[in-house]
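J.: Structure: protein.txt, compact mmCIF, C-alpha atoms and all ligand atoms.
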# COMPACT_ATOMS: atom_id res chain seq x y z
CA MET A 1 6.76 -72.44 -19.72
CA THR A 2 5.40 -75.90 -18.74
CA ALA A 3 2.30 -76.22 -16.55
CA SER A 4 4.36 -77.23 -13.51
CA ALA A 5 6.91 -74.46 -14.12
CA ALA A 6 4.06 -71.95 -14.01
CA SER A 7 2.31 -73.45 -11.00
CA LEU A 8 2.40 -70.21 -8.98
CA GLU A 9 1.20 -68.02 -11.84
CA GLY A 10 -0.82 -65.06 -10.54
CA GLN A 11 0.27 -65.60 -6.96
CA VAL A 12 2.28 -63.29 -4.70
CA ALA A 13 5.07 -64.57 -2.48
CA LEU A 14 6.93 -62.74 0.27
CA VAL A 15 10.38 -64.17 1.06
CA THR A 16 12.16 -62.77 4.12
CA GLY A 17 15.94 -62.43 4.04
CA ALA A 18 16.03 -62.88 0.27
CA SER A 19 18.97 -60.60 -0.56
CA ARG A 20 21.43 -63.51 -0.62
CA GLY A 21 21.95 -67.18 0.21
CA ILE A 22 19.00 -69.54 0.60
CA GLY A 23 16.41 -66.72 0.55
CA ALA A 24 17.71 -65.42 -2.80
CA ALA A 25 17.52 -68.93 -4.28
CA ILE A 26 13.95 -69.30 -2.97
CA ALA A 27 12.97 -65.95 -4.50
CA LEU A 28 14.39 -67.00 -7.89
CA GLU A 29 12.67 -70.40 -7.71
CA LEU A 30 9.23 -69.03 -6.79
CA ALA A 31 9.51 -66.37 -9.49
CA ALA A 32 10.43 -69.06 -12.03
CA ALA A 33 7.23 -70.84 -10.97
CA GLY A 34 5.26 -67.72 -11.92
CA ALA A 35 4.86 -65.89 -8.60
CA THR A 36 5.40 -62.16 -8.15
CA VAL A 37 8.07 -62.16 -5.45
CA VAL A 38 8.63 -59.55 -2.75
CA VAL A 39 12.32 -59.70 -1.83
CA ASN A 40 12.69 -58.68 1.80
CA TYR A 41 16.10 -57.65 3.14
CA ALA A 42 17.53 -55.95 6.21
CA SER A 43 20.83 -54.33 5.31
CA SER A 44 21.78 -55.39 1.76
CA PRO A 45 19.88 -53.17 -0.71
CA GLY A 46 22.42 -54.06 -3.42
CA GLY A 47 21.89 -57.79 -2.91
CA ALA A 48 18.11 -57.39 -2.98
CA ALA A 49 18.28 -55.25 -6.13
CA ALA A 50 20.46 -57.87 -7.82
CA VAL A 51 17.92 -60.62 -6.99
CA VAL A 52 15.08 -58.47 -8.39
CA ALA A 53 17.13 -57.75 -11.53
CA GLN A 54 17.90 -61.46 -12.01
CA ILE A 55 14.20 -62.35 -11.71
CA GLU A 56 13.22 -59.60 -14.17
CA ALA A 57 15.94 -60.64 -16.62
CA ALA A 58 14.42 -64.14 -16.62
CA GLY A 59 10.98 -62.67 -17.42
CA GLY A 60 9.63 -62.77 -13.86
CA LYS A 61 8.15 -60.15 -11.54
CA ALA A 62 9.70 -58.97 -8.27
CA TRP A 63 10.28 -55.95 -6.08
CA SER A 64 12.20 -55.46 -2.85
CA HIS A 65 11.19 -54.18 0.57
CA GLN A 66 13.52 -53.32 3.44
CA ALA A 67 12.33 -54.43 6.90
CA ASN A 68 13.83 -55.92 10.02
CA VAL A 69 11.64 -58.97 10.62
CA ALA A 70 12.29 -58.75 14.37
CA ASP A 71 10.58 -55.35 14.46
CA GLU A 72 6.80 -55.54 14.85
CA GLU A 73 6.04 -52.18 13.23
CA GLN A 74 8.29 -52.81 10.25
CA VAL A 75 6.75 -56.25 9.69
CA GLU A 76 3.20 -54.87 9.85
CA ALA A 77 4.16 -52.08 7.43
CA MET A 78 5.78 -54.57 5.02
CA VAL A 79 2.71 -56.81 4.85
CA LYS A 80 0.47 -53.76 4.46
CA ALA A 81 2.66 -52.57 1.57
CA VAL A 82 2.41 -55.96 -0.16
CA LEU A 83 -1.37 -56.08 0.22
CA GLU A 84 -1.79 -52.49 -0.96
CA ARG A 85 0.42 -52.96 -4.01
CA GLU A 86 -0.56 -56.51 -5.04
CA GLY A 87 -4.00 -56.94 -3.46
CA ARG A 88 -3.11 -60.44 -2.27
CA LEU A 89 -0.45 -62.48 -0.49
CA ASP A 90 -0.44 -66.20 -1.18
CA VAL A 91 2.91 -67.48 0.05
CA LEU A 92 5.07 -66.41 2.99
CA VAL A 93 8.54 -67.89 3.34
CA ASN A 94 10.06 -67.14 6.75
CA ASN A 95 13.70 -67.50 5.80
CA ALA A 96 15.59 -64.59 7.44
CA GLY A 97 18.01 -65.85 10.06
CA ILE A 98 21.30 -65.20 11.80
CA THR A 99 23.81 -67.08 13.93
CA ARG A 100 25.66 -65.76 17.00
CA ASP A 101 27.53 -68.93 17.95
CA GLY A 102 29.32 -69.49 21.24
CA LEU A 103 29.48 -71.98 24.07
CA LEU A 104 26.52 -71.60 26.41
CA MET A 105 28.66 -71.00 29.52
CA ARG A 106 30.12 -67.85 27.95
CA MET A 107 27.20 -66.85 25.75
CA LYS A 108 26.34 -63.17 26.16
CA THR A 109 22.66 -62.46 26.77
CA PRO A 110 22.44 -60.13 23.72
CA ASP A 111 23.73 -62.99 21.54
CA TRP A 112 21.03 -65.27 22.94
CA GLN A 113 18.34 -62.62 22.63
CA SER A 114 19.13 -61.36 19.12
CA VAL A 115 18.94 -64.89 17.70
CA ILE A 116 15.64 -65.61 19.48
CA ASP A 117 14.25 -62.21 18.42
CA LEU A 118 15.04 -62.67 14.75
CA ASN A 119 14.93 -66.44 14.16
CA LEU A 120 11.87 -67.19 16.30
CA THR A 121 9.96 -64.00 17.15
CA GLY A 122 10.48 -62.79 13.56
CA VAL A 123 8.68 -65.90 12.28
CA PHE A 124 5.83 -65.26 14.72
CA LEU A 125 5.54 -61.57 13.72
CA CYS A 126 5.49 -62.31 9.97
CA THR A 127 3.07 -65.23 10.38
CA ARG A 128 0.69 -63.15 12.48
CA ALA A 129 0.92 -60.25 10.04
CA VAL A 130 -0.10 -62.37 7.02
CA SER A 131 -2.63 -64.53 8.86
CA ARG A 132 -5.57 -62.12 8.63
CA SER A 133 -5.54 -61.85 4.83
CA MET A 134 -4.74 -65.54 4.27
CA LEU A 135 -7.47 -66.76 6.62
CA LYS A 136 -9.93 -64.37 5.00
CA ALA A 137 -8.95 -65.67 1.55
CA ARG A 138 -9.22 -69.24 2.87
CA ALA A 139 -5.94 -70.01 1.11
CA GLY A 140 -2.26 -69.58 1.76
CA ARG A 141 1.06 -71.31 2.20
CA ILE A 142 3.47 -70.48 5.00
CA ILE A 143 6.89 -72.11 4.84
CA ASN A 144 9.32 -71.69 7.72
CA ILE A 145 13.02 -72.35 7.34
CA THR A 146 14.24 -74.18 10.43
CA SER A 147 17.41 -76.32 10.63
CA VAL A 148 18.49 -79.88 11.36
CA VAL A 149 20.21 -78.56 14.49
CA ALA A 150 16.70 -78.10 15.91
CA LEU A 151 16.41 -81.88 15.76
CA PHE A 152 19.71 -82.96 17.32
CA GLY A 153 21.27 -79.92 19.01
CA ASN A 154 24.72 -78.57 18.27
CA PRO A 155 27.52 -77.45 20.60
CA GLY A 156 27.99 -73.68 20.33
CA GLN A 157 24.48 -73.11 19.00
CA ALA A 158 22.21 -73.16 22.08
CA ASN A 159 20.55 -69.93 20.96
CA TYR A 160 20.20 -70.95 17.31
CA SER A 161 19.00 -74.52 17.96
CA ALA A 162 16.51 -73.29 20.59
CA ALA A 163 15.10 -70.74 18.14
CA LYS A 164 14.93 -73.27 15.31
CA ALA A 165 13.27 -75.88 17.57
CA GLY A 166 10.81 -73.14 18.54
CA VAL A 167 10.09 -72.60 14.86
CA ILE A 168 9.06 -76.26 14.57
CA GLY A 169 6.63 -75.89 17.49
CA LEU A 170 5.31 -72.65 16.00
CA THR A 171 4.90 -74.38 12.62
CA ARG A 172 2.83 -77.18 14.12
CA SER A 173 0.67 -74.94 16.32
CA SER A 174 -0.07 -72.47 13.54
CA ALA A 175 -0.73 -75.37 11.12
CA ALA A 176 -3.32 -76.73 13.56
CA GLU A 177 -4.90 -73.27 14.00
CA PHE A 178 -5.06 -72.40 10.30
CA ALA A 179 -5.95 -75.78 8.75
CA SER A 180 -9.71 -75.35 8.84
CA ARG A 181 -9.32 -72.16 6.79
CA GLY A 182 -7.27 -73.73 4.01
CA VAL A 183 -3.92 -72.25 5.06
CA THR A 184 -1.03 -74.72 5.38
CA VAL A 185 2.12 -74.20 7.44
CA ASN A 186 5.19 -76.38 6.93
CA ALA A 187 8.88 -76.16 7.70
CA VAL A 188 11.99 -76.97 5.74
CA ALA A 189 15.00 -78.11 7.77
CA PRO A 190 18.20 -77.70 5.78
CA GLY A 191 21.38 -79.45 6.85
CA PHE A 192 24.65 -77.74 5.94
CA ILE A 193 24.13 -75.52 2.92
CA ASP A 194 26.81 -73.60 1.10
CA SER A 195 26.10 -69.92 1.96
CA ASP A 196 27.59 -66.93 3.81
CA MET A 197 26.29 -68.47 7.06
CA THR A 198 28.49 -71.57 6.73
CA LYS A 199 31.55 -70.20 4.94
CA GLU A 200 33.67 -69.92 8.11
CA LEU A 201 32.87 -73.43 9.41
CA ASP A 202 35.43 -76.24 9.55
CA LYS A 203 34.06 -78.41 6.71
CA GLU A 204 35.88 -81.69 7.41
CA PRO A 205 33.86 -82.97 10.41
CA ILE A 206 30.66 -81.71 8.79
CA LEU A 207 31.23 -83.63 5.55
CA ALA A 208 32.01 -86.79 7.53
CA ALA A 209 28.53 -86.62 9.09
CA ILE A 210 26.67 -86.27 5.76
CA PRO A 211 25.84 -89.58 4.05
CA LEU A 212 25.63 -87.87 0.64
CA GLY A 213 29.17 -86.61 1.29
CA ARG A 214 28.73 -82.95 0.38
CA MET A 215 27.11 -79.73 1.51
CA GLY A 216 23.77 -78.82 -0.03
CA THR A 217 23.18 -75.99 -2.45
CA THR A 218 20.79 -73.11 -1.92
CA ALA A 219 18.87 -74.29 -5.02
CA GLU A 220 18.25 -77.66 -3.37
CA VAL A 221 16.54 -75.96 -0.42
CA ALA A 222 14.62 -73.71 -2.80
CA GLY A 223 13.29 -76.77 -4.64
CA ALA A 224 11.72 -78.09 -1.43
CA VAL A 225 10.14 -74.69 -0.74
CA ARG A 226 8.73 -74.55 -4.26
CA PHE A 227 7.18 -77.99 -3.74
CA LEU A 228 5.54 -76.89 -0.46
CA ALA A 229 4.21 -73.73 -2.13
CA ALA A 230 2.80 -75.52 -5.16
CA ASP A 231 -0.74 -76.58 -5.83
CA PRO A 232 -1.82 -79.33 -5.86
CA ALA A 233 1.57 -80.94 -5.08
CA ALA A 234 1.64 -80.11 -1.36
CA ALA A 235 -2.01 -79.20 -0.79
CA TYR A 236 -2.53 -82.11 1.61
CA MET A 237 0.59 -81.45 3.73
CA THR A 238 0.55 -79.30 6.84
CA GLY A 239 2.51 -79.15 10.09
CA GLN A 240 5.37 -81.11 8.54
CA VAL A 241 9.13 -80.68 8.64
CA LEU A 242 10.84 -81.53 5.36
CA GLN A 243 14.55 -82.24 5.79
CA VAL A 244 16.99 -81.26 3.06
CA ASP A 245 20.18 -82.50 4.68
CA GLY A 246 21.93 -85.11 2.54
CA GLY A 247 20.74 -87.81 4.93
CA MET A 248 22.35 -86.27 8.05
CA VAL A 249 19.35 -86.92 10.27
CA MET A 250 17.34 -90.03 9.52
CA ARG A 251 14.44 -90.53 11.92
P1 LIG A 301 22.72 -65.85 4.94
O1 LIG A 301 23.42 -66.18 3.66
O2 LIG A 301 23.53 -65.35 6.09
O3 LIG A 301 21.54 -64.82 4.60
C1 LIG A 301 20.73 -64.34 5.64
C2 LIG A 301 19.61 -63.51 5.08
O4 LIG A 301 18.81 -63.07 6.19
C3 LIG A 301 20.09 -62.29 4.33
O5 LIG A 301 19.27 -62.07 3.21
C4 LIG A 301 19.87 -61.17 5.35
O6 LIG A 301 19.56 -59.91 4.79
C5 LIG A 301 18.64 -61.66 6.07
N1 LIG A 301 18.47 -61.02 7.36
C6 LIG A 301 19.36 -60.95 8.39
N2 LIG A 301 18.84 -60.23 9.39
C7 LIG A 301 17.60 -59.84 8.99
C8 LIG A 301 16.56 -59.07 9.59
N3 LIG A 301 16.71 -58.56 10.82
N4 LIG A 301 15.43 -58.85 8.89
C9 LIG A 301 15.27 -59.35 7.63
N5 LIG A 301 16.24 -60.09 7.01
C10 LIG A 301 17.37 -60.33 7.70
O7 LIG A 301 21.95 -67.12 5.50
P2 LIG A 301 21.45 -68.45 4.75
O8 LIG A 301 22.49 -69.48 4.91
O9 LIG A 301 20.95 -68.11 3.41
O10 LIG A 301 20.25 -68.86 5.73
C11 LIG A 301 18.90 -68.61 5.41
C12 LIG A 301 18.02 -69.35 6.41
O11 LIG A 301 18.31 -70.74 6.35
C13 LIG A 301 18.22 -68.92 7.86
O12 LIG A 301 17.00 -68.96 8.56
C14 LIG A 301 19.15 -69.99 8.38
O13 LIG A 301 19.06 -70.12 9.78
C15 LIG A 301 18.62 -71.21 7.65
N6 LIG A 301 19.56 -72.31 7.55
C16 LIG A 301 20.74 -72.17 6.91
C17 LIG A 301 21.60 -73.27 6.83
C18 LIG A 301 22.91 -73.20 6.12
O14 LIG A 301 23.66 -74.21 6.19
N7 LIG A 301 23.27 -72.12 5.46
C19 LIG A 301 21.24 -74.49 7.42
C20 LIG A 301 20.02 -74.58 8.07
C21 LIG A 301 19.18 -73.49 8.12
P3 LIG A 301 20.71 -58.76 4.63
O15 LIG A 301 21.62 -59.26 3.57
O16 LIG A 301 19.95 -57.56 4.22
O17 LIG A 301 21.36 -58.65 5.96
Show this structure as C-alpha cells.
T.:
Amino acid sequence: MTASAASLEGQVALVTGASRGIGAAIALELAAAGATVVVNYASSPGGAAAVVAQIEAAGGKAWSHQANVADEEQVEAMVKAVLEREGRLDVLVNNAGITRDGLLMRMKTPDWQSVIDLNLTGVFLCTRAVSRSMLKARAGRIINITSVVALFGNPGQANYSAAKAGVIGLTRSSAAEFASRGVTVNAVAPGFIDSDMTKELDKEPILAAIPLGRMGTTAEVAGAVRFLAADPAAAYMTGQVLQVDGGMVMR
C-alpha cells in the first residue's frame, strides 16, 4: 500500500447509511485508506454484511451496526458501542438520507417531518454524539453529505432541499464551534449520482443540466470524502461545502 493509500491507517470511521449507494462506496474508500470502518444501516442487514465482506476480502477491517440515525437513543448507543469496541472514533460521515418527494401544496406533514428528522436531525444527533470524544481527543473529521439542491432548490423537494440546506448551516456552525479543538466539519454536495435514490428519475432533463454530460458515480463522491478525511490533505479546511456535481452549480 502507498503512503497516501494508507493515510487513515489506525483510525476508526463511522459511516451512516453505508449498506448501499454512496455510503457503501464511502465505507469501501475509507477502508482502502486504512481505516477500520463501522458500517451503519437501518433496514438492510444483508447490504451491510456484503459491504463488510467486501472490505474484509480486500484486506480491510469493518463491522456493521444497525441504528436509525433519527432516533436519539439508538445513535447514542451506536457511538458508545464504537468507542467501547475500538477505543476511538476519528471520522464521522453523516451520509444516511431519504427522499419523500412531492409538490409542497400536497405534501403530507409526515413526508415533510420524516425527511427533516432523518436528513437534518439525524446529522445533529450523530454529530452531538461523537463531539465529546472528538473534542477530548482534540482531533476528528466530520463530513456531512448534503446536496446541490440545497444550493438552488428543486420543485417537488421542499422537504429534502430544506433539510439539506439545514445541513450546510449545521456544518458551518459546528465547524466554528469545534475548530479551536482541532475537529473539522465539512460537507460534500453531490449532484445527481447513480444510486437507488435516483433510479426512478427522468434522466433526460437532468443530463441536459450537467456540463459534464453524465451522472456521477458513488465512487466519485467517496473520493471527495476520502480527501476531506485525510491528513494532511484537508487539515486546513473547515466549514466548507465541496460540490461533486459535474459542474451543475458553478458559483
Ligand atoms: P440510497 O442508495 O437510497 O441509500 C440510503 C442509505 O441510507 C442506505 O444505506 C439506508 O440504509 C440508509 N438509511 C435510510 N434510512 C436510515 C436511517 N433511518 N438510519 C440509518 N440509515 C438509514 O441513497 P444514496 O443515493 O446513496 O444517498 C446517500 C446520501 O447522499 C443521502 O444523504 C442523500 O441525500 C445524498 N445525496 C444523494 C444524491 C444522489 O444523486 N444519489 C445526490 C445528492 C445527495 P438501509 O439500506 O438499511 O435502509
J.: Mind listing the residues within 6 Å of ligand LIG 301 (chain A), only C-alpha atoms and all ligand atoms counted, as a PyMOL selection string?
T.: chain A and resi 16-23+41-44+67-70+95-98+118+145-147+190-198
J.: Near region 217-231 of chain A, counting all atoms listed in the file, which residues have an atom at most 8 Å away, once you skip same-chain residues fewer than 2 positions from it, shown as a JSON list (two decimals) with C-alpha atoms, keeping the file's coordinate frame?
T.:
[["chain", "number", "residue", "atom", "x", "y", "z"],
["A", 7, "SER", "CA", 2.31, -73.45, -11.00],
["A", 8, "LEU", "CA", 2.40, -70.21, -8.98],
["A", 21, "GLY", "CA", 21.95, -67.18, 0.21],
["A", 22, "ILE", "CA", 19.00, -69.54, 0.60],
["A", 23, "GLY", "CA", 16.41, -66.72, 0.55],
["A", 25, "ALA", "CA", 17.52, -68.93, -4.28],
["A", 26, "ILE", "CA", 13.95, -69.30, -2.97],
["A", 29, "GLU", "CA", 12.67, -70.40, -7.71],
["A", 30, "LEU", "CA", 9.23, -69.03, -6.79],
["A", 33, "ALA", "CA", 7.23, -70.84, -10.97],
["A", 91, "VAL", "CA", 2.91, -67.48, 0.05],
["A", 141, "ARG", "CA", 1.06, -71.31, 2.20],
["A", 142, "ILE", "CA", 3.47, -70.48, 5.00],
["A", 143, "ILE", "CA", 6.89, -72.11, 4.84],
["A", 186, "ASN", "CA", 5.19, -76.38, 6.93],
["A", 188, "VAL", "CA", 11.99, -76.97, 5.74],
["A", 190, "PRO", "CA", 18.20, -77.70, 5.78],
["A", 193, "ILE", "CA", 24.13, -75.52, 2.92],
["A", 194, "ASP", "CA", 26.81, -73.60, 1.10],
["A", 195, "SER", "CA", 26.10, -69.92, 1.96],
["A", 215, "MET", "CA", 27.11, -79.73, 1.51],
["A", 233, "ALA", "CA", 1.57, -80.94, -5.08],
["A", 234, "ALA", "CA", 1.64, -80.11, -1.36],
["A", 235, "ALA", "CA", -2.01, -79.20, -0.79],
["A", 237, "MET", "CA", 0.59, -81.45, 3.73],
["A", 242, "LEU", "CA", 10.84, -81.53, 5.36],
["A", 244, "VAL", "CA", 16.99, -81.26, 3.06]]
J.: Kindly provide the residues of region 167-209 of chain A that approach region 123-132 of chain A to within 9 Å, each paired with its closest atom pair and their distance in Å to one decimal, based on only C-alpha atoms, listed by chain and increasing number, as JSON lines.
T.:
{"residue": "A:Val167", "atom": "CA", "partner": "A:Val123", "partner_atom": "CA", "distance": 7.3}
{"residue": "A:Leu170", "atom": "CA", "partner": "A:Phe124", "partner_atom": "CA", "distance": 7.5}
{"residue": "A:Ser174", "atom": "CA", "partner": "A:Thr127", "partner_atom": "CA", "distance": 8.5}
{"residue": "A:Phe178", "atom": "CA", "partner": "A:Ser131", "partner_atom": "CA", "distance": 8.4}
{"residue": "A:Val183", "atom": "CA", "partner": "A:Ser131", "partner_atom": "CA", "distance": 8.7}
J.: Calculated over only C-alpha atoms, which of the candidates A:Asn40, A:Thr238, A:Thr184, A:Thr99 has the smallest distance to Asn159 (chain A)?
T.: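 Counting only C-alpha atoms, the residue closest to Asn159 (chain A) is A:Thr99.
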J.: May I ask for the distance between CA of Ser180 (chain A) and CA of Arg138 (chain A), given in Å to one decimal place?
T.: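 The value is 8.6 Å.
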J.: What's the separation between CA of Ala162 (chain A) and CA of Gly140 (chain A), in Å to one decimal place?
T.: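 Distance between the two atoms: 26.8 Å.
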J.: So for region 23-26 of chain A, what box centre and size do we get, axis-aligned, 5 Å extra on each of the six sides, every listed atom, Å to one decimal, as lines of an AutoDock Vina configuration file?
T.:
center_x = 15.8
center_y = -67.4
center_z = -1.9
size_x = 13.8
size_y = 13.9
size_z = 14.8
J.: Counting only C-alpha atoms, which of A:Ala137, A:Val75, A:Ile55, A:Val15 gets nearest to Leu28 (chain A)?
T.: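 Among the listed residues, A:Ile55 lies closest to Leu28 (chain A).
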J.: Using only C-alpha atoms, which of A:Val185, A:Ala139, A:Ala27, A:Leu151 sits nearest Ala48 (chain A)?
T.: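 Counting only C-alpha atoms, the residue closest to Ala48 (chain A) is A:Ala27.
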J.: One number please: CA of Ser161 (chain A) to CA of Ala175 (chain A), in Å, one decimal.
T.: 20.9 Å
J.: At a cut-off of 7 Å from (26.1, -75.2, 19.4) in the coordinates of the file, what residues are picked up using all atoms listed in the file, written as an MDAnalysis selection string?
T.: chainID A and resid 101:103 153:158
J.: Using all atoms listed in the file and a cutoff of 9 Å, can you tell me which residues are near (-9.6, -59.2, -2.1) in the file's coordinates, and write them out as a list in words?
T.: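 Within 9 Å of (-9.6, -59.2, -2.1), the protein and nucleic acid residues are Gly87, Arg88, Ser133, Lys136 and Ala137 of chain A.
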J.: Using only C-alpha atoms for the distances, tell me which of A:Trp112, A:Gly46, A:Glu9, A:Asp90 is nearest to Ala32 (chain A).
T.: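 Selected residue with least distance to Ala32 (chain A): A:Glu9.
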J.: A:Val149, A:Val115, A:Asn144, A:Leu14: which is nearest Lys80 (chain A), counting only C-alpha atoms?
T.: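 Going through A:Val149, A:Val115, A:Asn144, A:Leu14 one by one, the smallest distance to Lys80 (chain A) is for A:Leu14.
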J.: Between A:Val82, A:Leu207, A:Glu177, A:Met250, which has the minimum distance to Val39 (chain A) (counting all atoms listed in the file)?
T.: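 Ranked by minimum distance to Val39 (chain A), first place goes to A:Val82.
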